[in-house]
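Down below is the structure, laid out as structure tokens.
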Amino acid sequence: MSLLSAAAAFLYGSREVLGVLRVLLDGSGDKIYLFAKQIGQLVGGVDLYLIGIALLIFGFGVYELLISNIEAAHEDGKGTGSSLLDIRSLDDLKEKLVKVIVVALIVAAFKVMLIFPITSTTNLLVFSGSVFLLALSAWLVAVGKSSSHS
């Protein structure tokens, strides 16, 4: 079901991106708000692709852990063992999923920030705080990665 959900996410993301391209090619998007909405829709499509990737990683990871190794994932010829589908434990699966989910959340927050009205000092502080928290989450993921391999 995870793989079917990933395919659905890819299809819906493609629909979002194609919808933006249709409006851009139509030339009917003159207003600034409409432009921001279209950019938000494009970013939403990218977010759906990232969700699809997370679902693929989950599906293939569970398959590798519980059923059998996926030979094509291990035949890259490099022998580094650091491929995206090289999942040897539940912790490896969680680590890879967290990375993709954090990026998807950052992209989703960016989509919301495109149309966030900054009309007061409070709104500016909220906006700045959310940017800080997004940067902090990305930093924590990077620090967690380096400390887990040390």
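How things are named: the first chain in the structure tokens is A, the next is B, and so on; residues count from 1 in each chain; ligands count from 1 in the order shown.
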
Practice prompt. May I have the residues within 10 Å of region 9-12 of chain A as a PyMOL selection string, using only C-alpha atoms and disregarding those fewer than 2 positions away in the same chain?
Written response: chain A and resi 3-7+14-18+44-53+55

Using only C-alpha atoms, which residues sit within 7 Å of region 87-95 of chain A once same-chain residues fewer than 2 positions away are excluded, as a compact mmCIF listing (two decimals) with C-alpha atoms, in the first residue's frame?
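File produced: result02.txt:
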```txt
# COMPACT_ATOMS: atom_id res chain seq x y z
CA GLY A 61 12.80 -0.39 3.67
CA GLU A 64 14.27 -5.18 2.87
CA LEU A 65 13.93 -5.61 6.63
CA LEU A 85 17.91 1.94 -0.13
CA LEU A 97 12.67 8.74 6.71
CA VAL A 98 13.39 11.58 9.14
CA LYS A 99 15.66 13.28 6.62
```

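When only C-alpha atoms are used to measure the gap to Lys96 (chain A), the shortest distance among A:Leu56, A:Leu124, A:Ile115, A:Leu21 belongs to A:Leu56.
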
Worksheet item: What separation in Å, quoted to one decimal, exists between CA of Leu140 (chain A) and CA of Ile57 (chain A)?
Response: 21.1 Å

Worksheet item: Can you tell me, as a PyMOL selection string, what residues are no more than 12 Å from Lys111 (chain A) when counting only C-alpha atoms, ignoring any on the same chain fewer than 2 positions away?
Response: chain A and resi 36-48+104-109+113-116

Serialized selection, N, CA and C atoms, as a short mmCIF file (atom, residue, chain, number, x, y, z; two decimals), in the first residue's frame:
```cif
data_model
loop_
_atom_site.label_atom_id
_atom_site.label_comp_id
_atom_site.auth_asym_id
_atom_site.auth_seq_id
_atom_site.Cartn_x
_atom_site.Cartn_y
_atom_site.Cartn_z
N ALA A 36 1.82 34.38 -6.55
CA ALA A 36 2.22 33.72 -5.30
C ALA A 36 1.46 32.41 -5.11
N LYS A 37 0.19 32.41 -5.50
CA LYS A 37 -0.61 31.19 -5.39
C LYS A 37 -0.07 30.12 -6.32
N GLN A 38 0.33 30.50 -7.53
CA GLN A 38 0.88 29.53 -8.48
C GLN A 38 2.22 28.99 -7.99
N ILE A 39 3.04 29.85 -7.43
CA ILE A 39 4.32 29.39 -6.87
C ILE A 39 4.04 28.42 -5.72
N GLY A 40 3.05 28.77 -4.89
CA GLY A 40 2.66 27.87 -3.80
C GLY A 40 2.18 26.53 -4.30
N GLN A 41 1.45 26.53 -5.40
CA GLN A 41 0.98 25.28 -5.99
C GLN A 41 2.16 24.48 -6.53
N LEU A 42 3.12 25.14 -7.12
CA LEU A 42 4.32 24.46 -7.62
C LEU A 42 5.11 23.85 -6.47
N VAL A 43 5.26 24.61 -5.39
CA VAL A 43 5.96 24.10 -4.22
C VAL A 43 5.18 22.94 -3.61
N GLY A 44 3.84 23.01 -3.66
CA GLY A 44 3.01 21.91 -3.19
C GLY A 44 3.25 20.64 -3.99
N GLY A 45 3.46 20.80 -5.30
CA GLY A 45 3.78 19.65 -6.13
C GLY A 45 5.10 19.02 -5.72
N VAL A 46 6.09 19.85 -5.45
CA VAL A 46 7.39 19.36 -4.98
C VAL A 46 7.23 18.64 -3.64
N ASP A 47 6.39 19.20 -2.77
CA ASP A 47 6.13 18.59 -1.48
C ASP A 47 5.50 17.20 -1.65
N LEU A 48 4.59 17.08 -2.60
CA LEU A 48 3.98 15.77 -2.85
C LEU A 48 5.01 14.77 -3.38
N ALA A 104 10.46 17.67 3.59
CA ALA A 104 9.07 17.87 3.16
C ALA A 104 8.38 18.91 4.04
N LEU A 105 8.64 18.88 5.33
CA LEU A 105 8.04 19.88 6.23
C LEU A 105 8.58 21.28 5.95
N ILE A 106 9.85 21.38 5.64
CA ILE A 106 10.43 22.68 5.30
C ILE A 106 9.79 23.21 4.02
N VAL A 107 9.60 22.35 3.05
CA VAL A 107 8.96 22.77 1.79
C VAL A 107 7.51 23.19 2.04
N ALA A 108 6.80 22.43 2.88
CA ALA A 108 5.41 22.79 3.19
C ALA A 108 5.35 24.13 3.93
N ALA A 109 6.28 24.37 4.83
CA ALA A 109 6.32 25.65 5.53
C ALA A 109 6.63 26.79 4.56
N MET A 113 4.53 30.17 3.86
CA MET A 113 5.20 31.46 4.05
C MET A 113 5.07 32.37 2.83
N LEU A 114 4.82 31.78 1.67
CA LEU A 114 4.67 32.60 0.46
C LEU A 114 3.50 33.56 0.56
N ILE A 115 2.44 33.15 1.22
CA ILE A 115 1.25 34.00 1.30
C ILE A 115 1.01 34.52 2.72
N PHE A 116 1.98 34.34 3.61
CA PHE A 116 1.85 34.83 4.98
C PHE A 116 1.92 36.36 4.97
#
```

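Ranking A:Leu136, A:Met1, A:Val100, A:Val131 by their shortest atom-to-atom distance to Tyr63 (chain A), with only C-alpha atoms included, puts A:Met1 first.
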
Item to complete: Grab the CA of Leu133 (chain A) to CA of Ala54 (chain A) distance for me, in Å with one decimal place.
Response: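 Answer for the CA of Leu133 (chain A) to CA of Ala54 (chain A) separation: 21.8 Å.
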
Worksheet item: What separation in Å, quoted to one decimal, exists between CA of Val102 (chain A) and CA of Leu134 (chain A)?
Response: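 CA of Leu134 (chain A) lies at a distance of 8.8 Å from CA of Val102 (chain A).
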